[in-house]
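K.L.:
What follows is the file query-v7.csv, containing CSV, C-alpha atoms:
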```csv
chain,number,residue,atom,x,y,z
A,1,MET,CA,-26.6,14.4,-13.2
A,2,SER,CA,-28.7,17.6,-13.2
A,3,THR,CA,-29.7,18.6,-9.7
A,4,VAL,CA,-32.2,21.0,-8.2
A,5,PRO,CA,-30.5,23.8,-6.2
A,6,PHE,CA,-32.1,24.9,-2.9
A,7,ILE,CA,-31.0,28.2,-1.6
A,8,ASN,CA,-31.8,29.6,1.8
A,9,CYS,CA,-30.8,33.1,2.9
A,10,PHE,CA,-30.7,33.7,6.7
A,11,GLU,CA,-30.8,36.9,8.7
A,12,VAL,CA,-28.9,36.3,12.0
A,13,PRO,CA,-28.8,39.0,14.7
A,14,ALA,CA,-25.3,40.1,15.9
A,15,GLY,CA,-24.0,37.8,18.5
A,16,LYS,CA,-26.3,34.9,17.5
A,17,ASP,CA,-23.8,33.0,15.3
A,18,ASP,CA,-23.3,30.1,17.7
A,19,GLU,CA,-27.0,29.8,18.3
A,20,PHE,CA,-27.8,29.8,14.6
A,21,LEU,CA,-25.2,27.2,13.8
A,22,ALA,CA,-26.5,24.9,16.5
A,23,PHE,CA,-29.9,25.2,15.0
A,24,TRP,CA,-28.8,24.9,11.4
A,25,LEU,CA,-26.6,21.9,12.1
A,26,GLY,CA,-29.6,20.1,13.6
A,27,ILE,CA,-31.7,20.8,10.5
A,28,ASN,CA,-28.8,19.8,8.3
A,29,ALA,CA,-28.3,16.5,10.1
A,30,HIS,CA,-31.9,15.7,9.4
A,31,MET,CA,-31.8,16.7,5.7
A,32,ARG,CA,-28.6,15.2,4.6
A,33,VAL,CA,-29.7,11.6,5.3
A,34,LYS,CA,-32.9,12.0,3.3
A,35,PRO,CA,-33.4,10.3,-0.1
A,36,GLY,CA,-32.5,12.8,-2.8
A,37,TYR,CA,-30.1,14.9,-0.8
A,38,VAL,CA,-26.9,15.4,-2.8
A,39,SER,CA,-24.8,18.1,-1.2
A,40,HIS,CA,-24.7,21.4,0.6
A,41,ARG,CA,-22.4,24.4,1.1
A,42,LEU,CA,-23.1,26.8,4.0
A,43,HIS,CA,-21.7,30.3,3.5
A,44,ARG,CA,-21.0,32.9,6.2
A,45,SER,CA,-20.6,36.6,5.2
A,46,LEU,CA,-17.2,38.1,5.5
A,47,ASP,CA,-19.0,41.3,6.6
A,48,ALA,CA,-20.6,40.7,10.0
A,49,GLY,CA,-23.2,43.3,9.2
A,50,ALA,CA,-24.3,41.8,5.9
A,51,ARG,CA,-28.1,41.5,5.4
A,52,PHE,CA,-27.7,37.7,5.0
A,53,ARG,CA,-25.2,36.4,7.5
A,54,TYR,CA,-25.6,32.9,6.2
A,55,VAL,CA,-26.6,31.4,2.9
A,56,ASN,CA,-27.0,27.7,2.3
A,57,VAL,CA,-26.8,26.3,-1.2
A,58,ALA,CA,-27.8,22.6,-1.4
A,59,GLU,CA,-28.4,20.3,-4.2
A,60,TRP,CA,-31.3,17.7,-4.4
A,61,THR,CA,-32.1,15.1,-7.0
A,62,SER,CA,-35.6,16.5,-7.5
A,63,ALA,CA,-38.1,19.0,-6.1
A,64,GLU,CA,-40.2,16.0,-5.0
A,65,ALA,CA,-37.4,14.6,-2.9
A,66,TRP,CA,-36.8,18.0,-1.3
A,67,GLU,CA,-40.5,18.3,-0.4
A,68,ALA,CA,-40.6,14.8,1.0
A,69,ALA,CA,-37.8,15.6,3.4
A,70,HIS,CA,-40.0,18.2,5.1
A,71,ASP,CA,-41.7,15.6,7.3
A,72,ALA,CA,-43.0,15.6,10.8
A,73,GLU,CA,-39.5,15.4,12.3
A,74,PHE,CA,-38.5,18.4,10.3
A,75,ALA,CA,-41.5,20.3,11.6
A,76,ALA,CA,-40.5,19.4,15.1
A,77,LEU,CA,-37.0,20.7,14.6
A,78,LEU,CA,-38.4,24.0,13.3
A,79,ALA,CA,-40.7,24.3,16.3
A,80,THR,CA,-37.9,25.4,18.6
A,81,SER,CA,-37.5,28.8,20.2
A,82,GLU,CA,-34.1,29.2,18.4
A,83,PHE,CA,-35.8,29.2,15.0
A,84,ARG,CA,-37.9,32.3,15.7
A,85,ASP,CA,-34.8,34.5,15.9
A,86,PHE,CA,-33.8,33.8,12.4
A,87,VAL,CA,-35.5,35.1,9.3
A,88,SER,CA,-35.0,32.7,6.4
A,89,ILE,CA,-35.8,33.1,2.7
A,90,PRO,CA,-35.8,29.7,1.1
A,91,GLY,CA,-36.4,28.7,-2.5
A,92,LEU,CA,-35.9,26.0,-5.1
A,93,TYR,CA,-34.0,27.0,-8.3
A,94,GLU,CA,-32.8,25.9,-11.7
A,95,VAL,CA,-29.4,26.9,-13.1
A,96,VAL,CA,-29.8,29.2,-16.1
A,97,HIS,CA,-26.3,30.4,-16.8
A,98,THR,CA,-22.8,29.3,-15.9
A,99,GLY,CA,-19.3,30.2,-16.6
A,100,HIS,CA,-15.7,29.4,-15.7
A,101,VAL,CA,-12.4,31.1,-16.4
A,102,ALA,CA,-10.3,29.4,-19.0
A,103,PRO,CA,-7.6,27.2,-17.4
A,104,VAL,CA,-4.2,28.7,-17.4
A,105,GLY,CA,-2.2,26.4,-19.7
B,106,MET,CA,-7.6,26.4,-4.5
B,107,SER,CA,-9.8,28.1,-1.9
B,108,THR,CA,-12.0,30.8,-3.4
B,109,VAL,CA,-14.1,33.6,-2.1
B,110,PRO,CA,-17.8,33.2,-2.9
B,111,PHE,CA,-19.8,36.2,-3.9
B,112,ILE,CA,-23.6,35.8,-3.6
B,113,ASN,CA,-26.1,38.2,-5.1
B,114,CYS,CA,-29.9,37.8,-4.5
B,115,PHE,CA,-32.1,39.7,-7.0
B,116,GLU,CA,-35.8,40.8,-6.7
B,117,VAL,CA,-37.2,40.9,-10.2
B,118,PRO,CA,-40.8,42.1,-10.8
B,119,ALA,CA,-43.1,39.8,-12.7
B,120,GLY,CA,-42.7,40.1,-16.5
B,121,LYS,CA,-39.2,41.6,-16.2
B,122,ASP,CA,-37.2,38.4,-16.7
B,123,ASP,CA,-35.9,39.2,-20.1
B,124,GLU,CA,-35.0,42.7,-19.1
B,125,PHE,CA,-33.2,41.5,-16.0
B,126,LEU,CA,-31.2,38.9,-18.0
B,127,ALA,CA,-30.1,41.4,-20.5
B,128,PHE,CA,-28.9,43.6,-17.7
B,129,TRP,CA,-27.3,40.8,-15.8
B,130,LEU,CA,-25.5,39.4,-18.9
B,131,GLY,CA,-23.9,42.8,-19.5
B,132,ILE,CA,-22.6,42.9,-16.0
B,133,ASN,CA,-21.5,39.3,-16.2
B,134,ALA,CA,-19.6,39.8,-19.5
B,135,HIS,CA,-17.7,42.6,-17.7
B,136,MET,CA,-16.9,40.6,-14.6
B,137,ARG,CA,-15.9,37.3,-16.0
B,138,VAL,CA,-12.9,38.7,-17.9
B,139,LYS,CA,-11.5,40.4,-14.8
B,140,PRO,CA,-8.4,39.1,-13.0
B,141,GLY,CA,-9.5,36.9,-10.1
B,142,TYR,CA,-12.9,35.8,-11.6
B,143,VAL,CA,-13.1,32.0,-11.3
B,144,SER,CA,-16.7,30.9,-12.1
B,145,HIS,CA,-20.4,31.7,-11.6
B,146,ARG,CA,-23.7,30.0,-11.6
B,147,LEU,CA,-26.9,32.0,-12.0
B,148,HIS,CA,-30.1,30.5,-10.5
B,149,ARG,CA,-33.7,31.3,-11.4
B,150,SER,CA,-36.5,30.3,-9.0
B,151,LEU,CA,-38.8,27.4,-9.9
B,152,ASP,CA,-41.6,29.5,-8.3
B,153,ALA,CA,-42.1,32.6,-10.3
B,154,GLY,CA,-43.3,34.3,-7.2
B,155,ALA,CA,-40.3,33.7,-5.1
B,156,ARG,CA,-38.8,36.6,-3.2
B,157,PHE,CA,-35.5,36.2,-5.0
B,158,ARG,CA,-36.2,35.4,-8.6
B,159,TYR,CA,-32.5,35.2,-9.4
B,160,VAL,CA,-29.5,34.3,-7.2
B,161,ASN,CA,-26.0,34.5,-8.6
B,162,VAL,CA,-23.2,32.5,-6.9
B,163,ALA,CA,-19.7,33.4,-8.2
B,164,GLU,CA,-16.2,32.5,-7.1
B,165,TRP,CA,-13.3,34.8,-7.0
B,166,THR,CA,-9.7,34.2,-6.1
B,167,SER,CA,-9.8,37.0,-3.4
B,168,ALA,CA,-11.9,39.8,-2.0
B,169,GLU,CA,-9.3,42.3,-3.4
B,170,ALA,CA,-9.7,40.9,-6.9
B,171,TRP,CA,-13.5,41.2,-6.6
B,172,GLU,CA,-13.3,44.8,-5.4
B,173,ALA,CA,-10.9,45.7,-8.2
B,174,ALA,CA,-13.4,44.5,-10.8
B,175,HIS,CA,-15.8,47.2,-9.6
B,176,ASP,CA,-14.2,49.8,-11.8
B,177,ALA,CA,-15.5,52.8,-13.7
B,178,GLU,CA,-16.8,50.6,-16.5
B,179,PHE,CA,-18.8,48.6,-14.0
B,180,ALA,CA,-20.2,51.8,-12.5
B,181,ALA,CA,-21.3,52.9,-16.0
B,182,LEU,CA,-23.1,49.5,-16.5
B,183,LEU,CA,-25.0,50.0,-13.3
B,184,ALA,CA,-26.0,53.5,-14.2
B,185,THR,CA,-28.7,52.3,-16.6
B,186,SER,CA,-32.4,52.6,-16.2
B,187,GLU,CA,-32.8,48.8,-16.2
B,188,PHE,CA,-30.8,48.5,-13.0
B,189,ARG,CA,-33.2,50.6,-11.0
B,190,ASP,CA,-36.0,48.0,-11.4
B,191,PHE,CA,-34.0,45.3,-9.6
B,192,VAL,CA,-33.3,45.1,-5.9
B,193,SER,CA,-30.0,43.3,-5.3
B,194,ILE,CA,-28.5,42.1,-2.0
B,195,PRO,CA,-24.8,41.3,-2.7
B,196,GLY,CA,-22.2,39.9,-0.3
B,197,LEU,CA,-18.9,38.2,0.0
B,198,TYR,CA,-18.8,34.9,1.9
B,199,GLU,CA,-16.6,32.1,3.2
B,200,VAL,CA,-17.6,28.5,3.2
B,201,VAL,CA,-18.1,27.3,6.8
B,202,HIS,CA,-19.8,23.8,6.3
B,203,THR,CA,-20.1,21.4,3.4
B,204,GLY,CA,-21.4,17.9,2.9
B,205,HIS,CA,-22.1,15.4,0.2
B,206,VAL,CA,-24.0,12.2,0.0
B,207,ALA,CA,-21.9,9.1,0.1
B,208,PRO,CA,-21.4,7.6,-3.4
B,209,VAL,CA,-23.6,4.6,-4.1
B,210,GLY,CA,-21.1,1.8,-4.5
```
Once you've parsed the file, please lay out its structure as structure tokens.

P.N.:
Amino acid sequence: MSTVPFINCFEVPAGKDDEFLAFWLGINAHMRVKPGYVSHRLHRSLDAGARFRYVNVAEWTSAEAWEAAHDAEFAALLATSEFRDFVSIPGLYEVVHTGHVAPVG
Amino acid sequence: MSTVPFINCFEVPAGKDDEFLAFWLGINAHMRVKPGYVSHRLHRSLDAGARFRYVNVAEWTSAEAWEAAHDAEFAALLATSEFRDFVSIPGLYEVVHTGHVAPVG
């Protein structure tokens, strides 16, 4: 099944990892039970000083399902003081090129 | 096998998609034959005006293998005029949270 990737890059100030994760887990708990959610993988930078401390890569069945998940409850989750500390750059994508190393046989 | 994700977010000016892809494919052809390369997935934004027009998510066996792939040949590939048009924000990551919808049974 072809999916629609959603990628969100987060800037998290030093020392705010725990606060960010608490915020993000709340959003994630909302999103992952919505129709059309398929999967997600949250990444944390190995370098604590990286521009994007966290990057979430999720898969949805469609752009429409992803949009529908941004409902009133989602808006309420965003309207917390924690959210204002974190710059996020979200976007929907399509996969245009893939590759994989040949299996060692 | 646990892998080390490498994520690179690219800003590509409008109308420069073909130029970017030609540049990126040259870099990718170099990287994907290096020891430690596992896989990659290049994403293009559904919204042509997205901040990051392209995001590459690759997997490497280790940070050391990824670093070793940045050799003199890589530096020569970067030293082209095309590269200067594209802002990139690269970083190595670890996966800290995953989820997947329950299979419909």

K.L.:
Skipping near chain neighbours, those fewer than 6 positions away, what residues fall within 10 Å of Tyr37 of chain A using all atoms listed in the file, listed as a ChimeraX atom specification?

P.N.:
/A:3-4,31,58-62,65-66,69 /B:204-206

K.L.:
Just the residues within 10 Å of Glu178 of chain B, please, counting all atoms listed in the file, with nothing from its chain fewer than 5 positions along; format it as a list in words.

P.N.:
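Listed by chain and then number, they are Ile132, His135, Leu183 and Ala184 of chain B.
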
K.L.:
Which of these residues is nearest to chain A, using only C-alpha atoms: B:Phe111, B:Phe128, B:Tyr159, B:Tyr198?

P.N.:
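Among the listed residues, B:Tyr198 lies closest to chain A.
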
K.L.:
Name the closest residue to Val57 of chain A among the candidates A:Thr80, A:Ser88, A:Ser39, A:Asn28; distances are taken between atoms, counting all atoms listed in the file.

P.N.:
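With all atoms listed in the file as the atom set, the closest residue is A:Ser39.
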
K.L.:
Could you list the residues in chain B lying within 6 Å of chain A, using all atoms listed in the file, and format the result as a ChimeraX atom specification?

P.N.:
/B:143-151,197-206

K.L.:
With only C-alpha atoms as the atoms that count, which of A:Asp85, A:Ala29, A:His70, A:Leu77 lies nearest to Pro13 of chain A?

P.N.:
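Using only C-alpha atoms, Pro13 of chain A sits closest to A:Asp85.
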
K.L.:
Have a look at atom CA of Phe125 of chain B and atom CA of Phe191 of chain B and let me know their distance in Å, one decimal.

P.N.:
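Going from atom CA of Phe125 of chain B over to atom CA of Phe191 of chain B, I get 7.5 Å.
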
K.L.:
Name the closest residue to Ala48 of chain A among the candidates A:Glu67, A:Asn8, A:Lys16, A:Val87; distances are taken between atoms, counting all atoms listed in the file.

P.N.:
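Closest to Ala48 of chain A, using all atoms listed in the file: A:Lys16.
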
K.L.:
Could you jot down the atom CA of Ala180 of chain B to atom CA of Val117 of chain B separation for me, Å, one decimal place?

P.N.:
20.3 Å

K.L.:
I'd like to know which of A:Gly15, A:Ser2, A:Phe83, A:Phe74 is closest to Gly49 of chain A, using all atoms listed in the file.

P.N.:
A:Gly15

K.L.:
Working from the structure I just supplied, which lacks atoms in segment 151-162 of chain B, can you model all heavy atoms there and output them as a CSV table (one decimal), in the frame of the given file?

P.N.:
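Written output follows (selection_12.csv):
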```csv
chain,number,residue,atom,x,y,z
B,151,LEU,N,-37.7,28.3,-9.3
B,151,LEU,CA,-38.8,27.4,-9.9
B,151,LEU,C,-40.2,28.1,-9.7
B,151,LEU,O,-41.0,27.9,-10.5
B,151,LEU,CB,-38.8,26.0,-9.3
B,151,LEU,CG,-37.5,25.2,-9.5
B,151,LEU,CD1,-37.7,23.8,-9.0
B,151,LEU,CD2,-37.1,25.2,-11.0
B,152,ASP,N,-40.3,28.8,-8.6
B,152,ASP,CA,-41.6,29.5,-8.3
B,152,ASP,C,-41.4,30.9,-8.8
B,152,ASP,O,-40.6,31.7,-8.3
B,152,ASP,CB,-41.8,29.4,-6.8
B,152,ASP,CG,-43.0,30.2,-6.3
B,152,ASP,OD1,-43.7,30.9,-7.2
B,152,ASP,OD2,-43.3,30.3,-5.1
B,153,ALA,N,-42.2,31.3,-9.7
B,153,ALA,CA,-42.1,32.6,-10.3
B,153,ALA,C,-42.4,33.7,-9.3
B,153,ALA,O,-42.0,34.9,-9.5
B,153,ALA,CB,-43.1,32.8,-11.5
B,154,GLY,N,-43.1,33.4,-8.2
B,154,GLY,CA,-43.3,34.3,-7.2
B,154,GLY,C,-42.4,34.4,-6.0
B,154,GLY,O,-42.6,35.0,-5.0
B,155,ALA,N,-41.3,33.7,-6.2
B,155,ALA,CA,-40.3,33.7,-5.1
B,155,ALA,C,-39.7,35.1,-4.8
B,155,ALA,O,-39.6,35.9,-5.7
B,155,ALA,CB,-39.1,32.7,-5.4
B,156,ARG,N,-39.4,35.3,-3.6
B,156,ARG,CA,-38.8,36.6,-3.2
B,156,ARG,C,-37.6,36.9,-4.0
B,156,ARG,O,-37.5,38.1,-4.6
B,156,ARG,CB,-38.4,36.5,-1.7
B,156,ARG,CG,-37.5,37.7,-1.2
B,156,ARG,CD,-38.3,39.0,-1.0
B,156,ARG,NE,-37.5,39.9,-0.4
B,156,ARG,CZ,-37.3,40.0,0.9
B,156,ARG,NH1,-37.9,39.2,1.7
B,156,ARG,NH2,-36.5,40.9,1.5
B,157,PHE,N,-36.7,36.0,-4.2
B,157,PHE,CA,-35.5,36.2,-5.0
B,157,PHE,C,-35.7,35.4,-6.3
B,157,PHE,O,-35.5,34.2,-6.3
B,157,PHE,CB,-34.2,35.9,-4.3
B,157,PHE,CG,-34.0,36.7,-3.1
B,157,PHE,CD1,-33.8,36.2,-1.8
B,157,PHE,CD2,-34.0,38.1,-3.2
B,157,PHE,CE1,-33.6,37.0,-0.7
B,157,PHE,CE2,-33.8,38.9,-2.1
B,157,PHE,CZ,-33.6,38.3,-0.8
B,158,ARG,N,-36.0,36.1,-7.3
B,158,ARG,CA,-36.2,35.4,-8.6
B,158,ARG,C,-34.9,34.9,-9.2
B,158,ARG,O,-34.9,33.8,-9.8
B,158,ARG,CB,-36.8,36.4,-9.6
B,158,ARG,CG,-37.1,35.9,-11.0
B,158,ARG,CD,-38.1,34.8,-11.0
B,158,ARG,NE,-38.5,34.5,-12.4
B,158,ARG,CZ,-38.9,33.3,-12.7
B,158,ARG,NH1,-39.0,32.3,-11.9
B,158,ARG,NH2,-39.3,33.1,-14.0
B,159,TYR,N,-33.8,35.6,-8.9
B,159,TYR,CA,-32.5,35.2,-9.4
B,159,TYR,C,-31.5,35.2,-8.2
B,159,TYR,O,-31.6,36.2,-7.4
B,159,TYR,CB,-32.0,36.0,-10.6
B,159,TYR,CG,-32.8,35.8,-11.8
B,159,TYR,CD1,-33.9,36.6,-12.1
B,159,TYR,CD2,-32.4,34.9,-12.8
B,159,TYR,CE1,-34.6,36.4,-13.3
B,159,TYR,CE2,-33.1,34.7,-13.9
B,159,TYR,CZ,-34.2,35.4,-14.2
B,159,TYR,OH,-34.9,35.2,-15.3
B,160,VAL,N,-30.6,34.3,-8.2
B,160,VAL,CA,-29.5,34.3,-7.2
B,160,VAL,C,-28.2,33.9,-8.0
B,160,VAL,O,-28.2,32.8,-8.6
B,160,VAL,CB,-29.7,33.3,-6.1
B,160,VAL,CG1,-28.5,33.4,-5.1
B,160,VAL,CG2,-31.0,33.6,-5.3
B,161,ASN,N,-27.2,34.8,-8.0
B,161,ASN,CA,-26.0,34.5,-8.6
B,161,ASN,C,-25.0,34.1,-7.5
B,161,ASN,O,-24.8,34.7,-6.5
B,161,ASN,CB,-25.4,35.7,-9.4
B,161,ASN,CG,-24.1,35.3,-10.1
B,161,ASN,OD1,-23.9,34.2,-10.6
B,161,ASN,ND2,-23.2,36.3,-10.2
B,162,VAL,N,-24.3,32.9,-7.8
B,162,VAL,CA,-23.2,32.5,-6.9
B,162,VAL,C,-21.9,32.4,-7.7
B,162,VAL,O,-21.8,31.6,-8.6
B,162,VAL,CB,-23.5,31.1,-6.2
B,162,VAL,CG1,-22.4,30.7,-5.3
B,162,VAL,CG2,-24.8,31.2,-5.5
```
